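Asker: Below you'll find run-v6.cif; it's mmCIF, C-alpha atoms.
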data_start
loop_
_atom_site.group_PDB
_atom_site.id
_atom_site.type_symbol
_atom_site.label_atom_id
_atom_site.label_comp_id
_atom_site.auth_asym_id
_atom_site.auth_seq_id
_atom_site.Cartn_x
_atom_site.Cartn_y
_atom_site.Cartn_z
ATOM 1 C CA MET A 918 -77.452 -21.654 -13.654
ATOM 2 C CA SER A 919 -80.577 -19.460 -13.717
ATOM 3 C CA GLN A 920 -82.004 -18.223 -10.431
ATOM 4 C CA ASN A 921 -85.681 -18.276 -9.466
ATOM 5 C CA TYR A 922 -87.099 -15.206 -7.703
ATOM 6 C CA ILE A 923 -90.286 -14.780 -5.701
ATOM 7 C CA GLN A 924 -92.075 -11.652 -4.469
ATOM 8 C CA TRP A 925 -91.631 -10.552 -0.870
ATOM 9 C CA ASN A 926 -94.236 -7.928 0.098
ATOM 10 C CA LEU A 927 -93.091 -4.606 1.520
ATOM 11 C CA GLU A 928 -95.413 -5.085 4.510
ATOM 12 C CA LYS A 929 -93.308 -8.091 5.509
ATOM 13 C CA ILE A 930 -90.175 -5.978 5.841
ATOM 14 C CA VAL A 931 -89.496 -4.805 9.393
ATOM 15 C CA PRO A 932 -87.714 -1.424 9.385
ATOM 16 C CA GLY A 933 -84.513 -1.339 11.385
ATOM 17 C CA GLU A 934 -84.044 -5.133 11.473
ATOM 18 C CA SER A 935 -81.127 -6.845 9.703
ATOM 19 C CA ILE A 936 -82.419 -8.848 6.758
ATOM 20 C CA PRO A 937 -81.459 -12.542 6.570
ATOM 21 C CA ALA A 938 -80.585 -12.656 2.849
ATOM 22 C CA ALA A 939 -80.406 -10.496 -0.266
ATOM 23 C CA LEU A 940 -83.288 -8.317 -1.468
ATOM 24 C CA TYR A 941 -83.773 -7.433 -5.132
ATOM 25 C CA LEU A 942 -85.753 -4.924 -7.169
ATOM 26 C CA GLN A 943 -87.045 -5.602 -10.658
ATOM 27 C CA LEU A 944 -85.993 -2.866 -13.071
ATOM 28 C CA GLU A 945 -86.733 -3.098 -16.801
ATOM 29 C CA GLY A 946 -87.165 -6.839 -16.563
ATOM 30 C CA ARG A 947 -83.913 -7.414 -14.672
ATOM 31 C CA TYR A 948 -83.399 -8.292 -11.018
ATOM 32 C CA VAL A 949 -81.083 -5.756 -9.379
ATOM 33 C CA LEU A 950 -79.499 -6.314 -5.970
ATOM 34 C CA TYR A 951 -80.874 -3.784 -3.454
ATOM 35 C CA ARG A 952 -79.686 -4.984 -0.020
ATOM 36 C CA VAL A 953 -77.419 -7.823 1.093
ATOM 37 C CA ALA A 954 -77.781 -10.051 4.134
ATOM 38 C CA GLY A 955 -77.174 -8.189 7.392
ATOM 39 C CA GLN A 956 -78.164 -4.771 6.083
ATOM 40 C CA VAL A 957 -81.302 -2.922 7.192
ATOM 41 C CA ILE A 958 -84.025 -0.770 5.662
ATOM 42 C CA ASP A 959 -84.441 2.206 7.958
ATOM 43 C CA ARG A 960 -87.714 4.024 8.672
ATOM 44 C CA ASN A 961 -87.093 6.906 6.232
ATOM 45 C CA THR A 962 -86.236 4.527 3.397
ATOM 46 C CA PHE A 963 -89.276 2.391 4.179
ATOM 47 C CA ASP A 964 -91.561 5.438 4.087
ATOM 48 C CA ARG A 965 -90.070 6.552 0.767
ATOM 49 C CA MET A 966 -90.830 3.108 -0.638
ATOM 50 C CA GLU A 967 -94.443 3.452 0.476
ATOM 51 C CA ILE A 968 -94.714 6.941 -0.982
ATOM 52 C CA LYS A 969 -93.363 5.690 -4.318
ATOM 53 C CA LYS A 970 -95.931 2.840 -4.230
ATOM 54 C CA VAL A 971 -93.312 0.080 -4.096
ATOM 55 C CA LEU A 972 -95.405 -2.931 -3.136
ATOM 56 C CA HIS A 973 -92.792 -5.664 -2.968
ATOM 57 C CA PHE A 974 -89.193 -6.741 -3.322
ATOM 58 C CA PHE A 975 -87.899 -10.016 -4.721
ATOM 59 C CA VAL A 976 -85.910 -12.717 -2.968
ATOM 60 C CA LEU A 977 -84.291 -15.873 -4.245
ATOM 61 C CA ASP A 978 -86.586 -18.865 -4.000
ATOM 62 C CA THR A 979 -83.830 -20.615 -2.049
ATOM 63 C CA ASP A 980 -84.023 -17.825 0.565
ATOM 64 C CA ARG A 981 -87.800 -17.998 1.013
ATOM 65 C CA ASP A 982 -87.609 -20.004 4.251
ATOM 66 C CA LYS A 983 -84.969 -17.660 5.681
ATOM 67 C CA PHE A 984 -87.247 -14.655 5.216
ATOM 68 C CA LYS A 985 -90.277 -16.517 6.504
ATOM 69 C CA SER A 986 -88.438 -17.612 9.654
ATOM 70 C CA TRP A 987 -86.959 -14.104 10.094
ATOM 71 C CA PHE A 988 -90.331 -12.408 9.893
ATOM 72 C CA GLU A 989 -92.043 -14.899 12.210
ATOM 73 C CA THR A 990 -89.235 -14.746 14.775
ATOM 74 C CA ILE A 991 -89.303 -10.945 14.971
ATOM 75 C CA ASN A 992 -93.083 -10.970 15.161
ATOM 76 C CA GLN A 993 -93.004 -13.315 18.142
ATOM 77 C CA THR A 994 -90.332 -11.512 20.200
ATOM 78 C CA PRO A 995 -91.390 -11.651 23.895
ATOM 79 C CA ALA A 996 -92.299 -8.395 25.566
ATOM 80 C CA SER A 997 -89.759 -6.899 27.949
ATOM 81 C CA PRO A 998 -90.475 -7.224 31.701
ATOM 82 C CA SER A 999 -91.294 -3.498 31.964
ATOM 83 C CA ILE A 1000 -94.401 -3.874 29.808
ATOM 84 C CA GLN A 1001 -95.837 -7.213 30.836
ATOM 85 C CA SER A 1002 -98.858 -5.741 32.614
ATOM 86 C CA GLY A 1003 -100.271 -3.984 29.584
ATOM 87 C CA GLY A 1004 -102.890 -6.526 28.440
ATOM 88 C CA SER A 1005 -103.907 -5.486 24.935
ATOM 89 C CA ALA A 1006 -101.138 -2.908 24.969
ATOM 90 C CA SER A 1007 -98.598 -5.697 25.471
ATOM 91 C CA SER A 1008 -99.862 -7.339 22.296
ATOM 92 C CA ILE A 1009 -99.006 -4.105 20.498
ATOM 93 C CA ALA A 1010 -95.463 -4.376 21.818
ATOM 94 C CA LEU A 1011 -95.198 -7.901 20.380
ATOM 95 C CA LYS A 1012 -96.072 -6.744 16.869
ATOM 96 C CA LYS A 1013 -92.724 -5.674 15.490
ATOM 97 C CA THR A 1014 -94.288 -5.511 12.068
ATOM 98 C CA ARG A 1015 -95.870 -2.780 9.996
ATOM 99 C CA GLU A 1016 -98.604 -2.342 12.628
ATOM 100 C CA GLU A 1017 -96.014 -1.460 15.246
ATOM 101 C CA ALA A 1018 -94.365 0.922 12.814
ATOM 102 C CA LYS A 1019 -97.595 2.896 12.720
ATOM 103 C CA ARG A 1020 -96.421 4.387 16.018
ATOM 104 C CA LYS A 1021 -99.496 3.700 18.111
ATOM 105 C CA ILE A 1022 -99.636 6.104 21.005
ATOM 106 C CA ALA A 1023 -100.056 3.165 23.388
ATOM 107 C CA ASP A 1024 -96.434 2.249 22.652
ATOM 108 C CA ILE A 1025 -95.294 5.361 24.486
ATOM 109 C CA PHE A 1026 -97.531 5.063 27.526
ATOM 110 C CA HIS A 1027 -98.464 1.474 28.278
ATOM 111 C CA SER A 1028 -95.350 0.702 30.290
ATOM 112 C CA PHE A 1029 -96.122 3.523 32.727
ATOM 113 C CA HIS A 1030 -97.099 2.703 36.289
ATOM 114 C CA ALA A 1031 -100.807 2.080 36.630
ATOM 115 C CA GLU A 1032 -101.529 5.297 38.490
ATOM 116 C CA GLU A 1033 -104.972 6.841 38.224
ATOM 117 C CA SER A 1034 -103.562 10.348 37.745
ATOM 118 C CA ILE A 1035 -101.516 9.229 34.725
ATOM 119 C CA THR A 1036 -104.518 7.449 33.245
ATOM 120 C CA GLN A 1037 -106.707 10.516 33.644
ATOM 121 C CA VAL A 1038 -104.184 12.847 32.006
ATOM 122 C CA LEU A 1039 -103.663 10.415 29.137
ATOM 123 C CA GLU A 1040 -107.418 10.086 28.604
ATOM 124 C CA THR A 1041 -107.754 13.887 28.537
ATOM 125 C CA SER A 1042 -104.926 14.137 26.000
ATOM 126 C CA SER A 1043 -106.298 11.390 23.782
ATOM 127 C CA SER A 1044 -109.856 12.751 23.860
ATOM 128 C CA LEU A 1045 -108.731 16.242 22.895
ATOM 129 C CA VAL A 1046 -106.660 14.986 19.968
ATOM 130 C CA GLU A 1047 -109.347 12.547 18.830
ATOM 131 C CA GLU A 1048 -111.872 15.376 18.722
ATOM 132 C CA LEU A 1049 -109.462 17.535 16.744
ATOM 133 C CA THR A 1050 -108.771 14.836 14.129
ATOM 134 C CA LYS A 1051 -112.452 14.977 13.154
ATOM 135 C CA SER A 1052 -112.441 18.737 12.566
ATOM 136 C CA PRO A 1053 -112.364 20.149 8.996
ATOM 137 C CA LEU A 1054 -109.024 21.800 9.771
ATOM 138 C CA ALA A 1055 -107.269 18.472 10.431
ATOM 139 C CA SER A 1056 -109.274 15.736 8.728
ATOM 140 C CA GLN A 1057 -108.434 16.560 5.111
ATOM 141 C CA PRO A 1058 -104.663 17.130 5.585
ATOM 142 C CA LEU A 1059 -104.392 13.973 7.702
ATOM 143 C CA ALA A 1060 -106.254 11.960 5.070
ATOM 144 C CA GLU A 1061 -103.844 13.184 2.412
ATOM 145 C CA LEU A 1062 -100.853 12.438 4.623
ATOM 146 C CA GLN A 1063 -102.266 8.960 5.199
ATOM 147 C CA SER A 1064 -102.455 8.367 1.450
ATOM 148 C CA LEU A 1065 -98.813 9.410 1.049
ATOM 149 C CA SER A 1066 -97.403 7.624 4.074
ATOM 150 C CA ARG A 1067 -99.351 5.771 6.756
ATOM 151 C CA GLY A 1068 -96.524 6.180 9.240
ATOM 152 C CA THR A 1069 -96.466 9.959 8.899
ATOM 153 C CA ALA A 1070 -100.150 10.401 9.718
ATOM 154 C CA ASP A 1071 -100.026 8.046 12.699
ATOM 155 C CA HIS A 1072 -96.860 9.753 13.903
ATOM 156 C CA SER A 1073 -98.751 13.069 13.800
ATOM 157 C CA VAL A 1074 -101.460 11.730 16.112
ATOM 158 C CA ASN A 1075 -98.794 10.325 18.432
ATOM 159 C CA VAL A 1076 -96.916 13.600 18.656
ATOM 160 C CA SER A 1077 -100.100 15.570 19.298
ATOM 161 C CA THR A 1078 -101.256 13.280 22.100
ATOM 162 C CA LEU A 1079 -97.799 13.129 23.647
ATOM 163 C CA SER A 1080 -97.410 16.939 23.451
ATOM 164 C CA VAL A 1081 -100.692 17.525 25.284
ATOM 165 C CA TYR A 1082 -99.774 14.867 27.854
ATOM 166 C CA LEU A 1083 -96.420 16.529 28.509
ATOM 167 C CA ALA A 1084 -97.968 20.010 28.679
ATOM 168 C CA LEU A 1085 -100.579 18.930 31.216
ATOM 169 C CA ASN A 1086 -97.877 17.411 33.400
ATOM 170 C CA MET A 1087 -95.781 20.575 33.056
ATOM 171 C CA GLY A 1088 -98.574 22.750 34.411
ATOM 172 C CA TYR A 1089 -100.315 23.979 31.267
ATOM 173 C CA SER A 1090 -104.024 23.800 32.050
ATOM 174 C CA HIS A 1091 -105.863 26.407 29.979
ATOM 175 C CA MET A 1092 -107.963 24.553 27.408
ATOM 176 C CA VAL A 1093 -107.447 27.195 24.710
ATOM 177 C CA ILE A 1094 -103.671 26.813 24.997
ATOM 178 C CA LEU A 1095 -103.938 23.025 24.951
ATOM 179 C CA LYS A 1096 -106.069 23.173 21.801
ATOM 180 C CA HIS A 1097 -103.499 25.398 20.075
ATOM 181 C CA LEU A 1098 -100.813 22.914 21.109
ATOM 182 C CA ALA A 1099 -102.790 19.871 19.961
ATOM 183 C CA ALA A 1100 -103.590 21.453 16.592
ATOM 184 C CA GLY A 1101 -100.035 22.581 15.892
ATOM 185 C CA ALA A 1102 -98.619 19.189 16.874
ATOM 186 C CA LEU A 1103 -101.232 17.286 14.874
ATOM 187 C CA LEU A 1104 -100.495 19.342 11.764
ATOM 188 C CA HIS A 1105 -96.741 19.729 12.255
ATOM 189 C CA ASP A 1106 -95.871 17.577 9.236
ATOM 190 C CA ILE A 1107 -98.565 18.620 6.756
ATOM 191 C CA GLY A 1108 -96.002 20.554 4.722
ATOM 192 C CA LYS A 1109 -94.634 17.152 3.675
ATOM 193 C CA ILE A 1110 -97.711 16.835 1.434
ATOM 194 C CA GLU A 1111 -96.299 19.570 -0.813
ATOM 195 C CA ALA A 1112 -92.650 18.603 -0.295
ATOM 196 C CA LEU A 1113 -93.322 15.033 -1.418
ATOM 197 C CA LYS A 1114 -95.133 16.219 -4.541
ATOM 198 C CA MET A 1115 -91.960 17.779 -5.892
ATOM 199 C CA GLY A 1116 -90.962 14.606 -7.708
ATOM 200 C CA GLU A 1117 -88.493 11.766 -7.252
ATOM 201 C CA THR A 1118 -84.911 12.819 -6.594
ATOM 202 C CA SER A 1119 -81.690 11.529 -5.112
ATOM 203 C CA PRO A 1120 -81.754 10.754 -1.362
ATOM 204 C CA GLU A 1121 -79.736 13.918 -0.696
ATOM 205 C CA LEU A 1122 -82.137 16.186 -2.602
ATOM 206 C CA TYR A 1123 -85.077 14.346 -1.061
ATOM 207 C CA GLU A 1124 -83.843 15.233 2.426
ATOM 208 C CA GLU A 1125 -83.292 18.853 1.389
ATOM 209 C CA LYS A 1126 -86.836 19.081 0.044
ATOM 210 C CA LEU A 1127 -88.220 17.636 3.249
ATOM 211 C CA LYS A 1128 -86.525 20.461 5.159
ATOM 212 C CA LEU A 1129 -88.954 22.801 3.413
ATOM 213 C CA HIS A 1130 -91.954 21.203 5.101
ATOM 214 C CA PRO A 1131 -92.259 23.588 8.109
ATOM 215 C CA ALA A 1132 -92.553 26.642 5.838
ATOM 216 C CA LEU A 1133 -94.768 24.764 3.366
ATOM 217 C CA GLY A 1134 -97.012 23.680 6.223
ATOM 218 C CA ASP A 1135 -97.377 27.256 7.431
ATOM 219 C CA GLU A 1136 -98.315 28.343 3.904
ATOM 220 C CA MET A 1137 -100.938 25.594 3.673
ATOM 221 C CA LEU A 1138 -102.501 26.627 6.975
ATOM 222 C CA ALA A 1139 -102.495 30.279 5.898
ATOM 223 C CA LYS A 1140 -104.491 29.336 2.792
ATOM 224 C CA LEU A 1141 -106.941 27.255 4.810
ATOM 225 C CA GLY A 1142 -107.465 30.259 7.082
ATOM 226 C CA GLU A 1143 -108.772 28.221 10.034
ATOM 227 C CA ALA A 1144 -105.639 27.535 12.057
ATOM 228 C CA SER A 1145 -104.736 29.756 14.992
ATOM 229 C CA ARG A 1146 -101.599 31.876 14.908
ATOM 230 C CA GLU A 1147 -100.193 29.721 17.729
ATOM 231 C CA ALA A 1148 -100.744 26.486 15.776
ATOM 232 C CA ARG A 1149 -99.043 27.967 12.713
ATOM 233 C CA ILE A 1150 -96.016 29.029 14.776
ATOM 234 C CA ILE A 1151 -95.708 25.479 16.109
ATOM 235 C CA VAL A 1152 -95.793 24.095 12.563
ATOM 236 C CA MET A 1153 -93.172 26.624 11.457
ATOM 237 C CA GLN A 1154 -90.836 26.105 14.434
ATOM 238 C CA HIS A 1155 -91.063 22.407 15.381
ATOM 239 C CA HIS A 1156 -87.597 21.747 13.873
ATOM 240 C CA GLU A 1157 -85.908 24.786 15.427
ATOM 241 C CA CYS A 1158 -83.292 23.952 18.076
ATOM 242 C CA HIS A 1159 -82.186 25.692 21.270
ATOM 243 C CA ASP A 1160 -78.575 25.801 20.016
ATOM 244 C CA GLY A 1161 -79.506 27.305 16.642
ATOM 245 C CA SER A 1162 -78.805 24.132 14.645
ATOM 246 C CA GLY A 1163 -82.426 23.701 13.528
ATOM 247 C CA TYR A 1164 -84.399 24.944 10.538
ATOM 248 C CA PRO A 1165 -85.879 26.803 8.702
ATOM 249 C CA ALA A 1166 -84.768 30.012 10.497
ATOM 250 C CA GLY A 1167 -81.971 28.763 12.793
ATOM 251 C CA LEU A 1168 -83.680 30.295 15.834
ATOM 252 C CA THR A 1169 -82.052 30.010 19.258
ATOM 253 C CA GLY A 1170 -83.154 29.874 22.900
ATOM 254 C CA ASN A 1171 -86.113 32.036 23.823
ATOM 255 C CA LYS A 1172 -86.710 33.061 20.211
ATOM 256 C CA ILE A 1173 -88.474 29.714 19.848
ATOM 257 C CA TYR A 1174 -92.141 29.595 20.877
ATOM 258 C CA ASP A 1175 -92.680 27.714 24.163
ATOM 259 C CA LEU A 1176 -95.288 25.335 22.762
ATOM 260 C CA ALA A 1177 -93.080 24.572 19.764
ATOM 261 C CA LYS A 1178 -90.349 23.481 22.186
ATOM 262 C CA ILE A 1179 -92.689 20.864 23.659
ATOM 263 C CA VAL A 1180 -93.743 19.585 20.237
ATOM 264 C CA SER A 1181 -90.110 19.387 19.161
ATOM 265 C CA MET A 1182 -89.247 17.077 22.067
ATOM 266 C CA ALA A 1183 -92.363 14.941 21.562
ATOM 267 C CA ASN A 1184 -91.552 14.672 17.870
ATOM 268 C CA VAL A 1185 -87.969 13.515 18.420
ATOM 269 C CA PHE A 1186 -88.904 11.087 21.217
ATOM 270 C CA ASP A 1187 -91.600 9.410 19.107
ATOM 271 C CA GLU A 1188 -89.260 9.077 16.124
ATOM 272 C CA LEU A 1189 -86.485 7.598 18.255
ATOM 273 C CA VAL A 1190 -88.837 5.040 19.825
ATOM 274 C CA ALA A 1191 -90.281 4.064 16.438
ATOM 275 C CA ASP A 1192 -86.919 3.809 14.668
ATOM 276 C CA GLY A 1193 -85.072 1.943 17.414
ATOM 277 C CA LYS A 1194 -84.304 -1.757 17.671
ATOM 278 C CA GLY A 1195 -85.334 -4.329 20.232
ATOM 279 C CA PRO A 1196 -88.166 -4.503 22.781
ATOM 280 C CA LEU A 1197 -90.203 -1.387 23.473
ATOM 281 C CA GLY A 1198 -88.698 -0.772 26.913
ATOM 282 C CA ASP A 1199 -85.182 -0.804 25.479
ATOM 283 C CA ARG A 1200 -86.168 1.604 22.719
ATOM 284 C CA GLN A 1201 -87.737 3.982 25.233
ATOM 285 C CA LYS A 1202 -84.609 3.941 27.405
ATOM 286 C CA HIS A 1203 -82.433 4.535 24.356
ATOM 287 C CA ALA A 1204 -84.645 7.458 23.277
ATOM 288 C CA LEU A 1205 -84.391 9.057 26.724
ATOM 289 C CA ALA A 1206 -80.627 8.529 26.761
ATOM 290 C CA GLN A 1207 -80.365 10.288 23.409
ATOM 291 C CA LEU A 1208 -82.450 13.223 24.638
ATOM 292 C CA GLU A 1209 -80.342 13.541 27.795
ATOM 293 C CA GLY A 1210 -77.035 12.989 26.012
ATOM 294 C CA PRO A 1211 -76.112 13.683 22.368
ATOM 295 C CA LEU A 1212 -79.293 15.621 21.569
ATOM 296 C CA SER A 1213 -79.609 17.643 24.772
ATOM 297 C CA ALA A 1214 -78.153 20.853 23.320
ATOM 298 C CA LYS A 1215 -81.044 20.992 20.845
ATOM 299 C CA PHE A 1216 -83.662 21.548 23.554
ATOM 300 C CA HIS A 1217 -84.414 24.132 26.230
ATOM 301 C CA PRO A 1218 -82.575 22.726 29.301
ATOM 302 C CA THR A 1219 -85.320 23.426 31.865
ATOM 303 C CA LYS A 1220 -88.087 22.037 29.681
ATOM 304 C CA LEU A 1221 -85.973 19.044 28.693
ATOM 305 C CA LYS A 1222 -85.353 18.216 32.352
ATOM 306 C CA LYS A 1223 -89.098 18.237 33.003
ATOM 307 C CA VAL A 1224 -89.865 16.124 29.942
ATOM 308 C CA ILE A 1225 -87.214 13.550 30.886
ATOM 309 C CA LYS A 1226 -88.714 13.299 34.382
ATOM 310 C CA ILE A 1227 -92.249 12.824 33.009
ATOM 311 C CA LEU A 1228 -91.262 10.216 30.428
ATOM 312 C CA SER A 1229 -88.997 8.371 32.859
ATOM 313 C CA LEU A 1230 -91.980 7.402 35.015
ATOM 314 C CA GLY A 1231 -92.578 4.274 32.985
ATOM 315 C CA VAL A 1232 -89.255 3.475 31.386
#
Is it possible to express this structure as structure tokens?
Answerer:
Amino acid sequence: MSQNYIQWNLEKIVPGESIPAALYLQLEGRYVLYRVAGQVIDRNTFDRMEIKKVLHFFVLDTDRDKFKSWFETINQTPASPSIQSGGSASSIALKKTREEAKRKIADIFHSFHAEESITQVLETSSSLVEELTKSPLASQPLAELQSLSRGTADHSVNVSTLSVYLALNMGYSHMVILKHLAAGALLHDIGKIEALKMGETSPELYEEKLKLHPALGDEMLAKLGEASREARIIVMQHHECHDGSGYPAGLTGNKIYDLAKIVSMANVFDELVADGKGPLGDRQKHALAQLEGPLSAKFHPTKLKKVIKILSLGV
């Protein structure tokens, strides 16, 4: 008996959530099974789909109601008790859809205690990054990143704002230093523009090519000639790890630039929160647990302790 298929738009797939029935791709006029019920499409796979301009999957017509109910149920998940007071920010937490996956910076902060000092520091961080996004140095690379992958560009803004927020709370106060930090964090992934232009490959080769993005980003900034030396070092070192397990140079300990250490932690925290499952509060707690536990060796112990303390205020 022939099967009837209908389109299911990519924007109605929620990364990290188990799908309710099979998903198919159409290749050369044939429907090919891509995922079975219970499997997930993770954040990296979702972003690759966007980059490759995949607009939709196909589902069996008999499974239409399953997917519709699945999507609506996830999209209406109640907020966790730790974030009920957020007003408009709470509505962000309810949107476990593509909008949430854009990694809005409010997702990181809106469960914090409503203390004036926290609000002031966050406003300072956001204002500095917002101003920087409009500069010639950042606007063009971010626009190109946005065209390749919406999540990557929004993640860049998140990491920049979070890095400045952490630095301010750690005692960094000189505006020149904060601007170097904000710029390096905002541009930390621009090397992906060149890495992703290298053509379609296997998932393994794709990941290897992405590991080139710190060096490619530094080269791009060198050609632009407007980025500070400090910002370029951040771009080059944001994947280096305290224990030497990072890349591209395998640097260890104090060989890694101080500001790059902050960006590295902000980068990992934002990715963990965005890629996790469940309500925002649970994802934040899981991200902190990962930083304190399995991932702790990757970060400078003193700086990690401070970052955990700062982020734990609202989790």
Asker: Using all atoms listed in the file for the distances, tell me which of A:Val1152, A:Leu950, A:Leu1122, A:Ala1177 is nearest to Ala1139 of chain A.
Answerer: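 Selected residue with least distance to Ala1139 of chain A: A:Val1152.
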Asker: If the PyMOL selection byres ((chain A and resi 1172) around 10) were run on this exact file, what residues would it hold? Put them as a ChimeraX atom specification.
Answerer: /A:1154,1157-1159,1161,1167-1171,1173-1175
Asker: Selected residues, C-alpha atoms, written as a PDB file, keeping the file's coordinate frame, please.
Answerer:
ATOM      1  CA  GLN A1154     -90.836  26.105  14.434  1.00  0.00           C
ATOM      2  CA  GLU A1157     -85.908  24.786  15.427  1.00  0.00           C
ATOM      3  CA  CYS A1158     -83.292  23.952  18.076  1.00  0.00           C
ATOM      4  CA  HIS A1159     -82.186  25.692  21.270  1.00  0.00           C
ATOM      5  CA  GLY A1161     -79.506  27.305  16.642  1.00  0.00           C
ATOM      6  CA  GLY A1167     -81.971  28.763  12.793  1.00  0.00           C
ATOM      7  CA  LEU A1168     -83.680  30.295  15.834  1.00  0.00           C
ATOM      8  CA  THR A1169     -82.052  30.010  19.258  1.00  0.00           C
ATOM      9  CA  GLY A1170     -83.154  29.874  22.900  1.00  0.00           C
ATOM     10  CA  ASN A1171     -86.113  32.036  23.823  1.00  0.00           C
ATOM     11  CA  ILE A1173     -88.474  29.714  19.848  1.00  0.00           C
ATOM     12  CA  TYR A1174     -92.141  29.595  20.877  1.00  0.00           C
ATOM     13  CA  ASP A1175     -92.680  27.714  24.163  1.00  0.00           C
TER      14      ASP A1175
END
Asker: Could you check which of A:Ile1225, A:Asp1160, A:Gly1088, A:Asn1184 is closest to Ala1102 of chain A, using all atoms listed in the file?
Answerer: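 Among the listed residues, the smallest separation from Ala1102 of chain A belongs to A:Asn1184.
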Asker: One number please: atom CA of Ser1145 of chain A to atom CA of Ile1110 of chain A, in Å, one decimal.
Answerer: 20.0 Å
Asker: Residues near Thr1219 of chain A, anyone? I mean within 12 Å using all atoms listed in the file, not counting same-chain ones fewer than 2 positions away, as a list in words.
Answerer: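 Near neighbours after the sequence-gap exclusion: Met1087, His1159, Gly1170, Asn1171, Asp1175, Lys1178, Ile1179, Glu1209, Ser1213, Ala1214, Phe1216, His1217, Leu1221, Lys1222, Lys1223, Val1224, Ile1225 and Lys1226 of chain A.
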Asker: Which value, in Å to one decimal, gives the distance between atom CA of Leu1098 of chain A and atom CA of Val1180 of chain A?
Answerer: 7.9 Å
Asker: Please write as an mmCIF file with C-alpha atoms, in the frame of the given file the full residue list that the PyMOL selection byres ((chain A and resi 1082-1086) around 9) yields on this file.
Answerer:
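Contents of the output file result.cif:
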data_model
loop_
_atom_site.group_PDB
_atom_site.id
_atom_site.type_symbol
_atom_site.label_atom_id
_atom_site.label_comp_id
_atom_site.auth_asym_id
_atom_site.auth_seq_id
_atom_site.Cartn_x
_atom_site.Cartn_y
_atom_site.Cartn_z
ATOM 1 C CA VAL A 1038 -104.184 12.847 32.006
ATOM 2 C CA LEU A 1039 -103.663 10.415 29.137
ATOM 3 C CA THR A 1041 -107.754 13.887 28.537
ATOM 4 C CA SER A 1042 -104.926 14.137 26.000
ATOM 5 C CA SER A 1043 -106.298 11.390 23.782
ATOM 6 C CA SER A 1077 -100.100 15.570 19.298
ATOM 7 C CA THR A 1078 -101.256 13.280 22.100
ATOM 8 C CA LEU A 1079 -97.799 13.129 23.647
ATOM 9 C CA SER A 1080 -97.410 16.939 23.451
ATOM 10 C CA VAL A 1081 -100.692 17.525 25.284
ATOM 11 C CA MET A 1087 -95.781 20.575 33.056
ATOM 12 C CA GLY A 1088 -98.574 22.750 34.411
ATOM 13 C CA TYR A 1089 -100.315 23.979 31.267
ATOM 14 C CA SER A 1090 -104.024 23.800 32.050
ATOM 15 C CA LEU A 1095 -103.938 23.025 24.951
ATOM 16 C CA LEU A 1098 -100.813 22.914 21.109
ATOM 17 C CA LEU A 1176 -95.288 25.335 22.762
ATOM 18 C CA ILE A 1179 -92.689 20.864 23.659
ATOM 19 C CA ALA A 1183 -92.363 14.941 21.562
ATOM 20 C CA LYS A 1223 -89.098 18.237 33.003
ATOM 21 C CA VAL A 1224 -89.865 16.124 29.942
ATOM 22 C CA ILE A 1227 -92.249 12.824 33.009
ATOM 23 C CA LEU A 1228 -91.262 10.216 30.428
#
Asker: Please report the interatomic distance between atom CA of Gly1108 of chain A and atom CA of Leu1189 of chain A in Å with one decimal.
Answerer: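 Atom CA of Gly1108 of chain A sits 21.0 Å away from atom CA of Leu1189 of chain A.
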Asker: Within 10 Å of Phe974 of chain A, counting all atoms listed in the file, which residues show up once you throw out same-chain ones fewer than 3 positions away? Write them as a VMD selection string, please.
Answerer: chain A and resid 922 to 927 929 to 930 940 to 943 948 951 971
Asker: Put the listed atoms of segment 1183-1190 of chain A in a box along x, y and z with 8 Å added on every side and give me the centre and edge lengths in Å to one decimal, as JSON.
Answerer:
{"center_x": -89.4, "center_y": 10.0, "center_z": 18.8, "size_x": 21.9, "size_y": 25.9, "size_z": 21.4}
Asker: On this structure, the PyMOL selection byres ((chain A and resi 932-938) around 7) would catch which residues? List them as a list in words, sorted by chain and number.
Answerer: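 Output from the PyMOL selection byres ((chain A and resi 932-938) around 7), applied to this file: Ile930, Val931, Ala939, Leu940, Val953, Ala954, Gly955, Gln956, Val957, Ile958, Asp959, Arg960, Phe963, Asp980, Lys983, Phe984, Trp987, Asp1192, Gly1193 and Lys1194 of chain A.
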Asker: Determine the nearest neighbour of Val1076 of chain A from the options A:Ser1181, A:Ser1229, A:Ser919, A:Thr990, counting all atoms listed in the file.
Answerer: A:Ser1181
Asker: Rank nothing, just name the residue among A:Ala1132, A:Leu1045, A:His1072, A:Leu1208 nearest to Met1092 of chain A, using only C-alpha atoms.
Answerer: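 Checking each of A:Ala1132, A:Leu1045, A:His1072, A:Leu1208 against Met1092 of chain A, counting only C-alpha atoms, the winner is A:Leu1045.
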